[in-house]
>>> print(open('model.txt').read())   # compact mmCIF, C-alpha atoms
# COMPACT_ATOMS: atom_id res chain seq x y z
CA MET A 1 -8.29 -23.96 -23.80
CA GLY A 2 -7.66 -22.53 -20.31
CA ARG A 3 -4.50 -20.87 -21.57
CA VAL A 4 -6.36 -19.18 -24.41
CA ILE A 5 -9.04 -17.92 -22.01
CA SER A 6 -6.33 -16.55 -19.67
CA ILE A 7 -4.55 -14.73 -22.50
CA VAL A 8 -7.80 -13.30 -23.89
CA GLY A 9 -8.82 -12.22 -20.35
CA LEU A 10 -5.48 -10.49 -19.80
CA ILE A 11 -5.71 -8.72 -23.15
CA LEU A 12 -9.25 -7.53 -22.35
CA ILE A 13 -8.27 -6.23 -18.88
CA ILE A 14 -5.20 -4.39 -20.19
CA SER A 15 -7.20 -2.97 -23.11
CA ALA A 16 -9.72 -1.55 -20.62
CA GLY A 17 -6.85 0.00 -18.65
CA VAL A 18 -5.22 1.53 -21.72
CA LEU A 19 -8.60 2.84 -22.90
CA ALA A 20 -9.13 4.47 -19.50
CA ALA A 21 -5.59 5.92 -19.58
CA VAL A 22 -6.29 7.48 -22.96
CA SER A 23 -9.69 8.90 -22.01
CA VAL A 24 -9.27 9.91 -18.35
CA ASP A 25 -7.15 13.02 -17.88
CA TYR A 26 -5.61 14.26 -14.64
CA GLU A 27 -8.50 16.66 -13.92
CA THR A 28 -10.94 13.74 -13.96
CA GLN A 29 -8.67 11.79 -11.60
CA LEU A 30 -8.78 14.73 -9.18
CA LYS A 31 -12.58 14.90 -9.43
CA LYS A 32 -12.84 11.20 -8.64
CA GLN A 33 -10.58 11.69 -5.64
CA GLN A 34 -12.94 14.44 -4.46
CA GLU A 35 -15.92 12.11 -5.00
CA ILE A 36 -14.24 9.56 -2.73
CA SER A 37 -13.82 12.29 -0.13
CA PHE A 38 -17.57 13.02 -0.26
CA LYS A 39 -18.32 9.30 0.02
CA TYR A 40 -16.43 9.38 3.33
CA ILE A 41 -18.47 12.43 4.40
CA LYS A 42 -21.71 10.58 3.60
CA ASN A 43 -20.51 7.60 5.64
CA ALA A 44 -19.50 9.92 8.49
CA LYS A 45 -23.00 11.41 8.57
CA GLU A 46 -24.52 7.93 8.64
CA ALA A 47 -22.21 6.99 11.52
CA LEU A 48 -23.25 10.16 13.36
CA GLU A 49 -26.92 9.28 12.91
CA LYS A 50 -26.15 5.95 14.57
CA GLY A 51 -24.38 7.83 17.36
CA ASP A 52 -20.93 6.44 16.52
CA LYS A 53 -18.81 9.60 16.81
CA GLN A 54 -15.44 7.82 16.75
CA GLN A 55 -16.26 6.10 13.46
CA ALA A 56 -17.55 9.41 12.09
CA ILE A 57 -14.30 11.17 13.03
CA LYS A 58 -12.33 8.35 11.39
CA PHE A 59 -14.29 8.80 8.14
CA ILE A 60 -13.89 12.59 8.24
CA LYS A 61 -10.13 12.27 8.67
CA MET A 62 -10.08 9.94 5.66
CA ALA A 63 -12.08 12.52 3.71
CA ILE A 64 -9.55 15.24 4.57
CA LYS A 65 -6.64 12.96 3.69
CA SER A 66 -8.07 12.18 0.27
CA TYR A 67 -9.14 15.80 -0.44
CA PRO A 68 -7.55 18.32 1.94
CA ASP A 69 -9.69 21.23 0.63
CA ASN A 70 -12.97 19.57 1.60
CA LYS A 71 -14.66 22.36 3.60
CA GLU A 72 -17.62 20.20 4.53
CA ALA A 73 -15.26 17.76 6.27
CA TYR A 74 -13.78 20.50 8.46
CA LYS A 75 -17.25 21.86 9.30
CA LEU A 76 -18.50 18.43 10.29
CA LEU A 77 -15.41 17.80 12.39
CA GLU A 78 -15.90 21.17 14.08
CA GLN A 79 -19.54 20.28 14.86
CA ILE A 80 -18.53 16.97 16.42
CA TYR A 81 -15.77 18.48 18.54
CA LYS A 82 -18.08 21.34 19.62
CA SER A 83 -20.80 18.91 20.64
CA GLU A 84 -18.20 16.91 22.62
CA SER A 85 -16.84 20.00 24.35
CA SER A 86 -20.38 21.25 25.20
CA VAL A 87 -20.99 17.96 27.00
CA LYS A 88 -17.80 18.46 29.00
CA GLU A 89 -18.76 22.08 29.84
CA THR A 90 -21.91 21.10 31.72
CA LYS A 91 -19.96 21.28 35.03
CA PRO A 92 -20.80 24.44 37.02
CA LEU A 93 -18.02 26.96 36.74
CA GLN A 94 -16.18 28.00 39.92
CA PRO A 95 -16.72 31.68 40.83
CA THR A 96 -13.57 33.62 40.06
CA LYS A 97 -12.24 36.67 41.88
CA PRO A 98 -12.88 39.92 40.02
CA GLN A 99 -9.68 41.00 38.34
CA LYS A 100 -8.15 44.34 39.05
CA PRO A 101 -8.20 46.80 36.18
CA ALA A 102 -4.80 47.32 34.62
CA ALA A 103 -2.73 49.76 36.71
CA THR A 104 -1.69 53.09 35.27
CA GLU A 105 1.98 54.14 35.20
CA GLU A 106 1.46 56.42 38.25
CA GLU A 107 -0.21 53.65 40.28
CA GLU A 108 2.58 51.24 39.34
CA GLU A 109 5.15 53.74 40.59
CA GLU A 110 3.23 54.08 43.87
CA GLU A 111 3.13 50.31 44.34
CA LEU A 112 6.86 50.05 43.73
CA GLY A 113 7.42 52.83 46.22
CA CYS A 114 9.28 55.04 43.79
CA MET B 1 -22.82 3.08 3.20
CA ASP B 2 -20.63 3.84 0.16
CA VAL B 3 -17.78 1.34 0.01
CA VAL B 4 -14.26 2.59 -0.65
CA PHE B 5 -11.29 0.27 -1.13
CA PRO B 6 -8.97 -0.76 0.52
CA LEU B 7 -11.63 -1.82 3.00
CA TYR B 8 -9.54 -2.03 6.19
CA THR B 9 -7.55 1.19 5.97
CA SER B 10 -10.66 3.05 4.76
CA GLY B 11 -12.47 2.07 7.97
CA PHE B 12 -14.99 -0.43 6.55
CA LEU B 13 -13.58 -3.55 8.23
CA ASP B 14 -12.59 -4.28 11.79
CA SER B 15 -9.23 -5.95 12.36
CA THR B 16 -10.73 -9.39 13.12
CA THR B 17 -12.72 -9.55 9.88
CA ASN B 18 -9.70 -8.19 8.07
CA LEU B 19 -7.53 -11.04 9.35
CA TRP B 20 -10.10 -13.70 8.40
CA LEU B 21 -10.35 -12.14 4.95
CA ALA B 22 -6.55 -12.14 4.68
CA LEU B 23 -6.51 -15.86 5.47
CA LEU B 24 -9.11 -16.54 2.78
CA ILE B 25 -7.24 -14.44 0.20
CA GLY B 26 -3.98 -16.16 1.22
CA ILE B 27 -5.48 -19.59 0.57
CA MET B 28 -6.77 -18.43 -2.81
CA PHE B 29 -3.37 -16.94 -3.61
CA GLY B 30 -1.64 -20.21 -2.68
CA PHE B 31 -4.08 -22.20 -4.81
CA ILE B 32 -3.40 -19.97 -7.83
CA LEU B 33 0.37 -20.22 -7.27
CA GLU B 34 0.06 -24.00 -7.17
CA ARG B 35 -2.05 -24.10 -10.34
CA ALA B 36 0.46 -21.79 -12.08
CA GLY B 37 3.18 -24.39 -11.42
CA PHE B 38 5.00 -22.57 -8.61
CA SER B 39 4.81 -25.44 -6.15
CA THR B 40 7.91 -27.11 -7.54
CA SER B 41 11.47 -25.79 -7.44
CA ALA B 42 12.07 -27.32 -10.86
CA HIS B 43 10.08 -24.48 -12.42
CA ILE B 44 11.77 -21.64 -10.56
CA ALA B 45 15.54 -22.34 -10.73
CA PRO B 46 15.65 -22.55 -14.60
CA LEU B 47 14.52 -18.92 -14.69
CA PHE B 48 18.03 -17.84 -13.66
CA TYR B 49 19.61 -19.80 -16.55
CA PHE B 50 17.09 -18.43 -19.09
CA ARG B 51 15.73 -21.96 -19.55
CA SER B 52 12.14 -21.17 -18.62
CA THR B 53 9.84 -18.18 -19.00
CA LEU B 54 7.07 -19.52 -16.76
CA VAL B 55 7.85 -17.25 -13.78
CA PRO B 56 8.06 -13.98 -15.76
CA LYS B 57 4.88 -14.87 -17.66
CA VAL B 58 2.91 -15.43 -14.46
CA MET B 59 4.49 -12.43 -12.72
CA VAL B 60 3.84 -10.08 -15.64
CA ALA B 61 0.23 -11.31 -15.91
CA ALA B 62 -0.25 -10.73 -12.17
CA ILE B 63 1.45 -7.31 -12.09
CA THR B 64 -0.34 -5.93 -15.16
CA THR B 65 -3.75 -7.25 -14.04
CA THR B 66 -3.31 -5.74 -10.56
CA ALA B 67 -1.98 -2.45 -11.93
CA THR B 68 -4.92 -2.22 -14.35
CA LEU B 69 -7.55 -3.00 -11.71
CA ILE B 70 -6.04 -0.50 -9.25
CA PHE B 71 -5.83 2.15 -11.97
CA LEU B 72 -9.46 1.53 -13.05
CA GLY B 73 -10.57 1.52 -9.40
CA VAL B 74 -8.94 4.89 -8.80
CA VAL B 75 -10.15 6.59 -11.98
CA PHE B 76 -13.71 5.36 -11.44
CA GLY B 77 -13.71 6.46 -7.79
CA TYR B 78 -13.76 3.11 -5.95
CA ILE B 79 -10.20 3.02 -4.60
CA ASP B 80 -8.72 5.67 -2.35
CA PHE B 81 -5.15 5.78 -3.63
CA ASN B 82 -3.95 7.62 -0.51
CA ASN B 83 -4.87 4.63 1.62
CA ILE B 84 -2.94 2.01 -0.32
CA PHE B 85 0.01 0.78 1.69
CA ILE B 86 3.35 1.63 0.07
CA PRO B 87 6.48 0.57 1.97
CA SER B 88 9.45 2.91 2.27
CA THR B 89 12.43 2.44 -0.05
CA TYR B 90 15.77 1.86 1.70
CA VAL B 91 18.20 1.82 -1.22
CA TRP B 92 21.25 0.03 0.22
CA ALA B 93 19.26 -2.42 2.32
CA TYR B 94 17.13 -3.29 -0.72
CA LEU B 95 20.19 -3.81 -2.93
CA VAL B 96 21.98 -6.07 -0.47
CA GLY B 97 18.78 -7.82 0.59
CA GLY B 98 17.80 -8.35 -3.05
CA LEU B 99 21.19 -9.87 -3.81
CA ILE B 100 20.96 -12.29 -0.86
CA PHE B 101 17.36 -13.10 -1.81
CA GLY B 102 18.38 -13.82 -5.43
CA VAL B 103 21.29 -16.06 -4.43
CA GLY B 104 19.00 -17.97 -2.04
CA MET B 105 16.36 -18.30 -4.74
CA VAL B 106 18.72 -19.68 -7.41
CA MET B 107 20.36 -22.07 -4.92
CA SER B 108 17.11 -23.50 -3.58
CA GLY B 109 14.64 -22.94 -6.38
CA TRP B 110 12.18 -21.38 -3.94
CA CYS B 111 11.10 -17.94 -2.84
CA PRO B 112 9.25 -17.44 0.47
CA GLY B 113 5.75 -17.43 -1.08
CA THR B 114 6.23 -20.40 -3.36
CA ALA B 115 7.97 -22.35 -0.56
CA VAL B 116 4.78 -22.19 1.53
CA THR B 117 2.89 -23.62 -1.47
CA GLY B 118 5.62 -26.28 -1.69
CA VAL B 119 5.15 -27.20 1.97
CA ALA B 120 1.38 -27.40 1.44
CA THR B 121 2.02 -29.91 -1.35
CA ALA B 122 4.51 -31.88 0.82
CA LYS B 123 7.80 -30.94 -0.86
CA ILE B 124 10.68 -31.86 1.47
CA ASP B 125 13.10 -29.30 0.01
CA ALA B 126 10.52 -26.54 0.59
CA ILE B 127 10.31 -27.51 4.28
CA PHE B 128 14.11 -27.24 4.60
CA PHE B 129 14.05 -23.94 2.72
CA LEU B 130 11.45 -22.47 5.08
CA LEU B 131 13.35 -23.70 8.14
CA GLY B 132 16.50 -22.06 6.78
CA LEU B 133 14.58 -18.88 6.04
CA MET B 134 13.23 -18.68 9.59
CA PHE B 135 16.69 -19.39 11.02
CA GLY B 136 18.14 -16.60 8.84
CA MET B 137 15.43 -14.21 10.02
CA PHE B 138 16.13 -15.09 13.64
CA ILE B 139 19.87 -14.43 13.15
CA TYR B 140 19.13 -11.13 11.43
CA PHE B 141 16.83 -9.95 14.24
CA TYR B 142 19.52 -10.82 16.77
CA LEU B 143 22.24 -8.97 14.82
CA TYR B 144 19.92 -6.01 14.20
CA ASP B 145 19.34 -5.59 17.91
CA ALA B 146 22.99 -6.14 18.81
CA TYR B 147 24.80 -3.94 16.30
CA GLU B 148 24.22 -0.22 15.88
CA ALA B 149 26.18 -0.23 12.58
CA LEU B 150 23.74 -2.73 11.05
CA ARG B 151 20.74 -0.66 12.17
CA GLU B 152 22.30 2.45 10.65
CA PHE B 153 23.00 0.62 7.39
CA ALA B 154 19.49 -0.91 7.20
CA ASN B 155 17.86 2.48 7.71
CA SER B 156 20.21 4.49 5.51
CA ALA B 157 19.25 6.04 2.15
CA ASN B 158 15.55 6.07 3.02
CA LEU B 159 13.67 7.55 0.07
CA GLY B 160 10.28 7.25 1.79
CA LYS B 161 7.33 6.17 -0.31
CA PHE B 162 9.23 6.31 -3.58
CA THR B 163 6.77 5.71 -6.42
CA ILE B 164 7.01 6.02 -10.20
CA ASN B 165 4.98 9.23 -9.92
CA LYS B 166 7.56 10.64 -7.52
CA LEU B 167 10.35 9.61 -9.87
CA PHE B 168 8.73 11.46 -12.78
CA ASN B 169 7.56 14.29 -10.50
CA THR B 170 3.91 14.11 -11.59
CA PRO B 171 0.73 13.20 -9.68
CA ASP B 172 -0.91 11.83 -12.86
CA LEU B 173 -1.51 8.09 -12.31
CA ARG B 174 -1.51 7.36 -16.04
CA VAL B 175 2.26 7.83 -16.04
CA ALA B 176 2.72 5.16 -13.37
CA TYR B 177 0.29 2.81 -15.10
CA ILE B 178 1.84 3.08 -18.57
CA ALA B 179 5.37 2.83 -17.09
CA THR B 180 4.34 -0.36 -15.26
CA LEU B 181 3.00 -1.89 -18.48
CA VAL B 182 6.11 -0.92 -20.46
CA MET B 183 8.52 -2.27 -17.81
CA SER B 184 6.57 -5.50 -17.31
CA PHE B 185 6.25 -6.39 -20.96
CA GLY B 186 9.81 -5.19 -21.60
CA LEU B 187 11.06 -7.63 -18.95
CA LEU B 188 8.97 -10.43 -20.45
CA ALA B 189 10.30 -9.69 -23.96
CA PHE B 190 13.87 -9.68 -22.59
CA MET B 191 13.33 -13.06 -20.90
CA ILE B 192 11.80 -14.59 -24.05
CA VAL B 193 14.72 -13.38 -26.19
CA MET B 194 17.27 -14.65 -23.64
CA LYS B 195 15.55 -18.04 -23.54
CA LYS B 196 15.71 -18.27 -27.34
CA ILE B 197 19.43 -17.44 -27.24
CA ALA B 198 20.00 -20.01 -24.47
CA ASP B 199 18.03 -22.65 -26.41
CA LYS B 200 20.09 -21.95 -29.51
CA LYS B 201 23.33 -22.34 -27.57
CA GLY B 202 22.01 -25.55 -26.05
CA ASP B 203 21.25 -26.94 -29.51
CA GLU B 204 24.78 -26.16 -30.72
>>> encode(input="model.txt", output="structure tokens")
Amino acid sequence: MGRVISIVGLILIISAGVLAAVSVDYETQLKKQQEISFKYIKNAKEALEKGDKQQAIKFIKMAIKSYPDNKEAYKLLEQIYKSESSVKETKPLQPTKPQKPAATEEEEEEELGC
Amino acid sequence: MDVVFPLYTSGFLDSTTNLWLALLIGIMFGFILERAGFSTSAHIAPLFYFRSTLVPKVMVAAITTTATLIFLGVVFGYIDFNNIFIPSTYVWAYLVGGLIFGVGMVMSGWCPGTAVTGVATAKIDAIFFLLGLMFGMFIYFYLYDAYEALREFANSANLGKFTINKLFNTPDLRVAYIATLVMSFGLLAFMIVMKKIADKKGDE
């Protein structure tokens, strides 16, 4: 009895696979891959809401890996990196010496003593 | 959170949970191997003399079920195919290693996975097989470290992640899926025919 159930189960599973192979073309496979990429983006946004930037970056990288043309992924990554760099830039900048304007050919000659 | 498989590489599981899950799946895998009759060497060695088709039947059922579920998972958007681990193909190392593996398997009647099931069901020969296997691994690691020529040989002819899709130069997963089905059932048919021929010779 168990053997019959196993064989019937195997036939059913393989039939489902063959049916999918017949009905799902390559374009649909690509679309599904893109959907997975957007699932990662959704998860990244949720991670960001929780304040977990590292996890969000991990999800975004997965999104890019599964669909390299995902513009939203790059934008989100840019936002995260910008927000990180703005935190780092809160240090007061050291005053820099004013730079000399570029010397003309005549001035250069004078400096060289020609 | 939308779940995408495989859970660990897709960032849904931490490594600790992943290891506990691996242990659980390993126990289930061992139980199924045992129930399929793989916990005795008497079922494995006859495969090489075309006296039994048990191993190919179980293997083909496992391969086709897994291939189908992965294929369905990908086409319905639940599995990220890019995150599935695919080991690199080292042609010469695989050929030589496969030959040694096959000779060891026909001599002992065990393969590494089934031997662990054999140990779990207290088979003395499986214990000796596993000890021999670990000793062989230890020797290989030593030789691998010691000899540059062996390292060069083991890493030669690296084809990278060589898949059926790469072989046929197409990204369409249906090709890989159908090829897997054809090869699996072709192997099973070959084994069944060979067993019938061997049985006939035995009768004569």
>>> residues_around(input="model.txt", residues="region 64-79 of chain A", least_positions_apart="2", cutoff="12 Å", atoms="only C-alpha atoms", output="JSON, numbers by chain")
{"A": [29, 30, 31, 32, 33, 34, 35, 36, 37, 38, 39, 40, 41, 42, 43, 44, 45, 48, 53, 54, 55, 56, 57, 58, 59, 60, 61, 62, 81, 82, 83, 84, 85, 86], "B": [4, 10, 74, 77, 79, 80, 81, 82, 83, 84]}
>>> residues_around(input="model.txt", residues="region 4-15 of chain A", least_positions_apart="5", cutoff="7 Å", atoms="all atoms listed in the file", output="ChimeraX atom specification")
/B:61,65,68
>>> write_last_selection(input="model.txt", atoms="C-alpha atoms", output="CSV table (one decimal), keeping the file's coordinate frame")
chain,number,residue,atom,x,y,z
B,61,ALA,CA,0.2,-11.3,-15.9
B,65,THR,CA,-3.8,-7.2,-14.0
B,68,THR,CA,-4.9,-2.2,-14.4
>>> closest_atom_pairs(input="model.txt", of="chain B", to="chain A", cutoff="6 Å", atoms="all atoms listed in the file", output="JSON lines")
{"residue": "B:Met1", "atom": "CA", "partner": "A:Asn43", "partner_atom": "CA", "distance": 5.6}
{"residue": "B:Asp2", "atom": "CA", "partner": "A:Lys39", "partner_atom": "CA", "distance": 5.9}
{"residue": "B:Thr68", "atom": "CA", "partner": "A:Gly17", "partner_atom": "CA", "distance": 5.2}
{"residue": "B:Val75", "atom": "CA", "partner": "A:Gln29", "partner_atom": "CA", "distance": 5.4}
{"residue": "B:Gly77", "atom": "CA", "partner": "A:Lys32", "partner_atom": "CA", "distance": 4.9}
{"residue": "B:Asp172", "atom": "CA", "partner": "A:Tyr26", "partner_atom": "CA", "distance": 5.6}
{"residue": "B:Arg174", "atom": "CA", "partner": "A:Ala21", "partner_atom": "CA", "distance": 5.6}
>>> atom_distance(input="model.txt", atom1="CA of Tyr140 (chain B)", atom2="CA of Gly97 (chain B)")
11.3 Å
>>> residues_around(input="model.txt", residues="Val106 (chain B)", least_positions_apart="5", cutoff="8 Å", atoms="only C-alpha atoms", output="list in words")
Ile44, Ala45 and Phe48 of chain B
>>> residues_near_point(input="model.txt", point="(9.7, 4.7, 0.4)", cutoff="8 Å", atoms="all atoms listed in the file", output="ChimeraX atom specification")
/B:86-90,158-163
>>> atom_distance(input="model.txt", atom1="CA of Thr40 (chain B)", atom2="CA of Ser108 (chain B)")
10.6 Å
>>> axis_aligned_box(input="model.txt", around="region 137-148 of chain B", padding_each_side="6 Å", output="JSON")
{"center_x": 20.1, "center_y": -7.7, "center_z": 14.4, "size_x": 21.4, "size_y": 26.9, "size_z": 20.8}
>>> atom_distance(input="model.txt", atom1="CA of Ile32 (chain B)", atom2="CA of Thr53 (chain B)")
17.4 Å
>>> residues_around(input="model.txt", residues="Pro46 (chain B)", least_positions_apart="6", cutoff="12 Å", atoms="only C-alpha atoms", output="VMD selection string")
chain B and resid 40 52 to 56 105 to 110 191 195 198
>>> write_last_selection(input="model.txt", atoms="C-alpha atoms", output="mmCIF file, in the coordinates of the input")
data_model
loop_
_atom_site.group_PDB
_atom_site.id
_atom_site.type_symbol
_atom_site.label_atom_id
_atom_site.label_comp_id
_atom_site.auth_asym_id
_atom_site.auth_seq_id
_atom_site.Cartn_x
_atom_site.Cartn_y
_atom_site.Cartn_z
ATOM 1 C CA THR B 40 7.910 -27.110 -7.540
ATOM 2 C CA SER B 52 12.140 -21.170 -18.620
ATOM 3 C CA THR B 53 9.840 -18.180 -19.000
ATOM 4 C CA LEU B 54 7.070 -19.520 -16.760
ATOM 5 C CA VAL B 55 7.850 -17.250 -13.780
ATOM 6 C CA PRO B 56 8.060 -13.980 -15.760
ATOM 7 C CA MET B 105 16.360 -18.300 -4.740
ATOM 8 C CA VAL B 106 18.720 -19.680 -7.410
ATOM 9 C CA MET B 107 20.360 -22.070 -4.920
ATOM 10 C CA SER B 108 17.110 -23.500 -3.580
ATOM 11 C CA GLY B 109 14.640 -22.940 -6.380
ATOM 12 C CA TRP B 110 12.180 -21.380 -3.940
ATOM 13 C CA MET B 191 13.330 -13.060 -20.900
ATOM 14 C CA LYS B 195 15.550 -18.040 -23.540
ATOM 15 C CA ALA B 198 20.000 -20.010 -24.470
#
>>> closest_residue(input="model.txt", among="B:Gly186, B:Ile27, B:Tyr144, B:Ser41", to="Phe129 (chain B)", atoms="all atoms listed in the file")
B:Ser41
>>> decode(input="model.txt", residues="region 40-61 of chain B", atoms="N, CA, C and O atoms", output="PDB file, in the first residue's frame")
ATOM      1  N   THR B  40      21.756  -1.296   5.176  1.00  0.00           N
ATOM      2  CA  THR B  40      22.451  -2.583   5.101  1.00  0.00           C
ATOM      3  C   THR B  40      23.262  -2.660   3.805  1.00  0.00           C
ATOM      4  O   THR B  40      22.750  -2.291   2.740  1.00  0.00           O
ATOM      5  N   SER B  41      24.496  -3.129   3.940  1.00  0.00           N
ATOM      6  CA  SER B  41      25.368  -3.196   2.755  1.00  0.00           C
ATOM      7  C   SER B  41      24.870  -4.243   1.756  1.00  0.00           C
ATOM      8  O   SER B  41      25.215  -4.196   0.580  1.00  0.00           O
ATOM      9  N   ALA B  42      24.036  -5.151   2.219  1.00  0.00           N
ATOM     10  CA  ALA B  42      23.521  -6.201   1.339  1.00  0.00           C
ATOM     11  C   ALA B  42      22.626  -5.643   0.238  1.00  0.00           C
ATOM     12  O   ALA B  42      22.394  -6.296  -0.775  1.00  0.00           O
ATOM     13  N   HIS B  43      22.126  -4.432   0.421  1.00  0.00           N
ATOM     14  CA  HIS B  43      21.262  -3.822  -0.597  1.00  0.00           C
ATOM     15  C   HIS B  43      22.044  -2.956  -1.576  1.00  0.00           C
ATOM     16  O   HIS B  43      21.532  -2.605  -2.624  1.00  0.00           O
ATOM     17  N   ILE B  44      23.273  -2.570  -1.182  1.00  0.00           N
ATOM     18  CA  ILE B  44      24.015  -1.612  -2.010  1.00  0.00           C
ATOM     19  C   ILE B  44      24.991  -2.306  -2.970  1.00  0.00           C
ATOM     20  O   ILE B  44      25.036  -1.978  -4.152  1.00  0.00           O
ATOM     21  N   ALA B  45      25.738  -3.292  -2.467  1.00  0.00           N
ATOM     22  CA  ALA B  45      26.730  -3.980  -3.316  1.00  0.00           C
ATOM     23  C   ALA B  45      26.108  -4.651  -4.554  1.00  0.00           C
ATOM     24  O   ALA B  45      26.689  -4.567  -5.649  1.00  0.00           O
ATOM     25  N   PRO B  46      24.916  -5.298  -4.449  1.00  0.00           N
ATOM     26  CA  PRO B  46      24.342  -5.956  -5.647  1.00  0.00           C
ATOM     27  C   PRO B  46      24.056  -4.999  -6.805  1.00  0.00           C
ATOM     28  O   PRO B  46      23.946  -5.436  -7.947  1.00  0.00           O
ATOM     29  N   LEU B  47      23.980  -3.719  -6.503  1.00  0.00           N
ATOM     30  CA  LEU B  47      23.757  -2.715  -7.555  1.00  0.00           C
ATOM     31  C   LEU B  47      24.822  -2.811  -8.636  1.00  0.00           C
ATOM     32  O   LEU B  47      24.528  -2.714  -9.838  1.00  0.00           O
ATOM     33  N   PHE B  48      26.075  -3.051  -8.204  1.00  0.00           N
ATOM     34  CA  PHE B  48      27.200  -3.069  -9.146  1.00  0.00           C
ATOM     35  C   PHE B  48      27.235  -4.336  -9.996  1.00  0.00           C
ATOM     36  O   PHE B  48      27.972  -4.420 -10.962  1.00  0.00           O
ATOM     37  N   TYR B  49      26.462  -5.355  -9.597  1.00  0.00           N
ATOM     38  CA  TYR B  49      26.401  -6.606 -10.382  1.00  0.00           C
ATOM     39  C   TYR B  49      25.058  -6.702 -11.105  1.00  0.00           C
ATOM     40  O   TYR B  49      24.707  -7.762 -11.592  1.00  0.00           O
ATOM     41  N   PHE B  50      24.327  -5.604 -11.128  1.00  0.00           N
ATOM     42  CA  PHE B  50      22.986  -5.541 -11.746  1.00  0.00           C
ATOM     43  C   PHE B  50      22.044  -6.584 -11.145  1.00  0.00           C
ATOM     44  O   PHE B  50      21.222  -7.166 -11.840  1.00  0.00           O
ATOM     45  N   ARG B  51      22.186  -6.825  -9.836  1.00  0.00           N
ATOM     46  CA  ARG B  51      21.324  -7.790  -9.163  1.00  0.00           C
ATOM     47  C   ARG B  51      20.196  -7.117  -8.384  1.00  0.00           C
ATOM     48  O   ARG B  51      19.328  -7.799  -7.848  1.00  0.00           O
ATOM     49  N   SER B  52      20.263  -5.812  -8.265  1.00  0.00           N
ATOM     50  CA  SER B  52      19.227  -5.083  -7.516  1.00  0.00           C
ATOM     51  C   SER B  52      19.028  -3.699  -8.132  1.00  0.00           C
ATOM     52  O   SER B  52      19.988  -3.068  -8.584  1.00  0.00           O
ATOM     53  N   THR B  53      17.781  -3.260  -8.147  1.00  0.00           N
ATOM     54  CA  THR B  53      17.500  -1.914  -8.671  1.00  0.00           C
ATOM     55  C   THR B  53      16.977  -0.992  -7.556  1.00  0.00           C
ATOM     56  O   THR B  53      16.440   0.075  -7.844  1.00  0.00           O
ATOM     57  N   LEU B  54      17.182  -1.412  -6.316  1.00  0.00           N
ATOM     58  CA  LEU B  54      16.671  -0.622  -5.197  1.00  0.00           C
ATOM     59  C   LEU B  54      17.312   0.776  -5.149  1.00  0.00           C
ATOM     60  O   LEU B  54      16.607   1.793  -5.051  1.00  0.00           O
ATOM     61  N   VAL B  55      18.657   0.804  -5.239  1.00  0.00           N
ATOM     62  CA  VAL B  55      19.369   2.090  -5.132  1.00  0.00           C
ATOM     63  C   VAL B  55      18.948   3.049  -6.252  1.00  0.00           C
ATOM     64  O   VAL B  55      18.556   4.190  -5.966  1.00  0.00           O
ATOM     65  N   PRO B  56      19.015   2.620  -7.537  1.00  0.00           N
ATOM     66  CA  PRO B  56      18.585   3.569  -8.578  1.00  0.00           C
ATOM     67  C   PRO B  56      17.140   4.015  -8.439  1.00  0.00           C
ATOM     68  O   PRO B  56      16.825   5.176  -8.734  1.00  0.00           O
ATOM     69  N   LYS B  57      16.276   3.131  -7.952  1.00  0.00           N
ATOM     70  CA  LYS B  57      14.858   3.519  -7.797  1.00  0.00           C
ATOM     71  C   LYS B  57      14.730   4.642  -6.765  1.00  0.00           C
ATOM     72  O   LYS B  57      14.050   5.644  -7.003  1.00  0.00           O
ATOM     73  N   VAL B  58      15.399   4.449  -5.629  1.00  0.00           N
ATOM     74  CA  VAL B  58      15.324   5.470  -4.573  1.00  0.00           C
ATOM     75  C   VAL B  58      16.002   6.763  -5.031  1.00  0.00           C
ATOM     76  O   VAL B  58      15.472   7.865  -4.829  1.00  0.00           O
ATOM     77  N   MET B  59      17.174   6.611  -5.663  1.00  0.00           N
ATOM     78  CA  MET B  59      17.918   7.793  -6.116  1.00  0.00           C
ATOM     79  C   MET B  59      17.121   8.589  -7.154  1.00  0.00           C
ATOM     80  O   MET B  59      17.040   9.818  -7.079  1.00  0.00           O
ATOM     81  N   VAL B  60      16.546   7.867  -8.114  1.00  0.00           N
ATOM     82  CA  VAL B  60      15.781   8.552  -9.169  1.00  0.00           C
ATOM     83  C   VAL B  60      14.554   9.241  -8.570  1.00  0.00           C
ATOM     84  O   VAL B  60      14.236  10.383  -8.926  1.00  0.00           O
ATOM     85  N   ALA B  61      13.886   8.564  -7.620  1.00  0.00           N
ATOM     86  CA  ALA B  61      12.724   9.191  -6.966  1.00  0.00           C
ATOM     87  C   ALA B  61      13.159  10.461  -6.237  1.00  0.00           C
ATOM     88  O   ALA B  61      12.494  11.502  -6.336  1.00  0.00           O
TER      89      ALA B  61
END
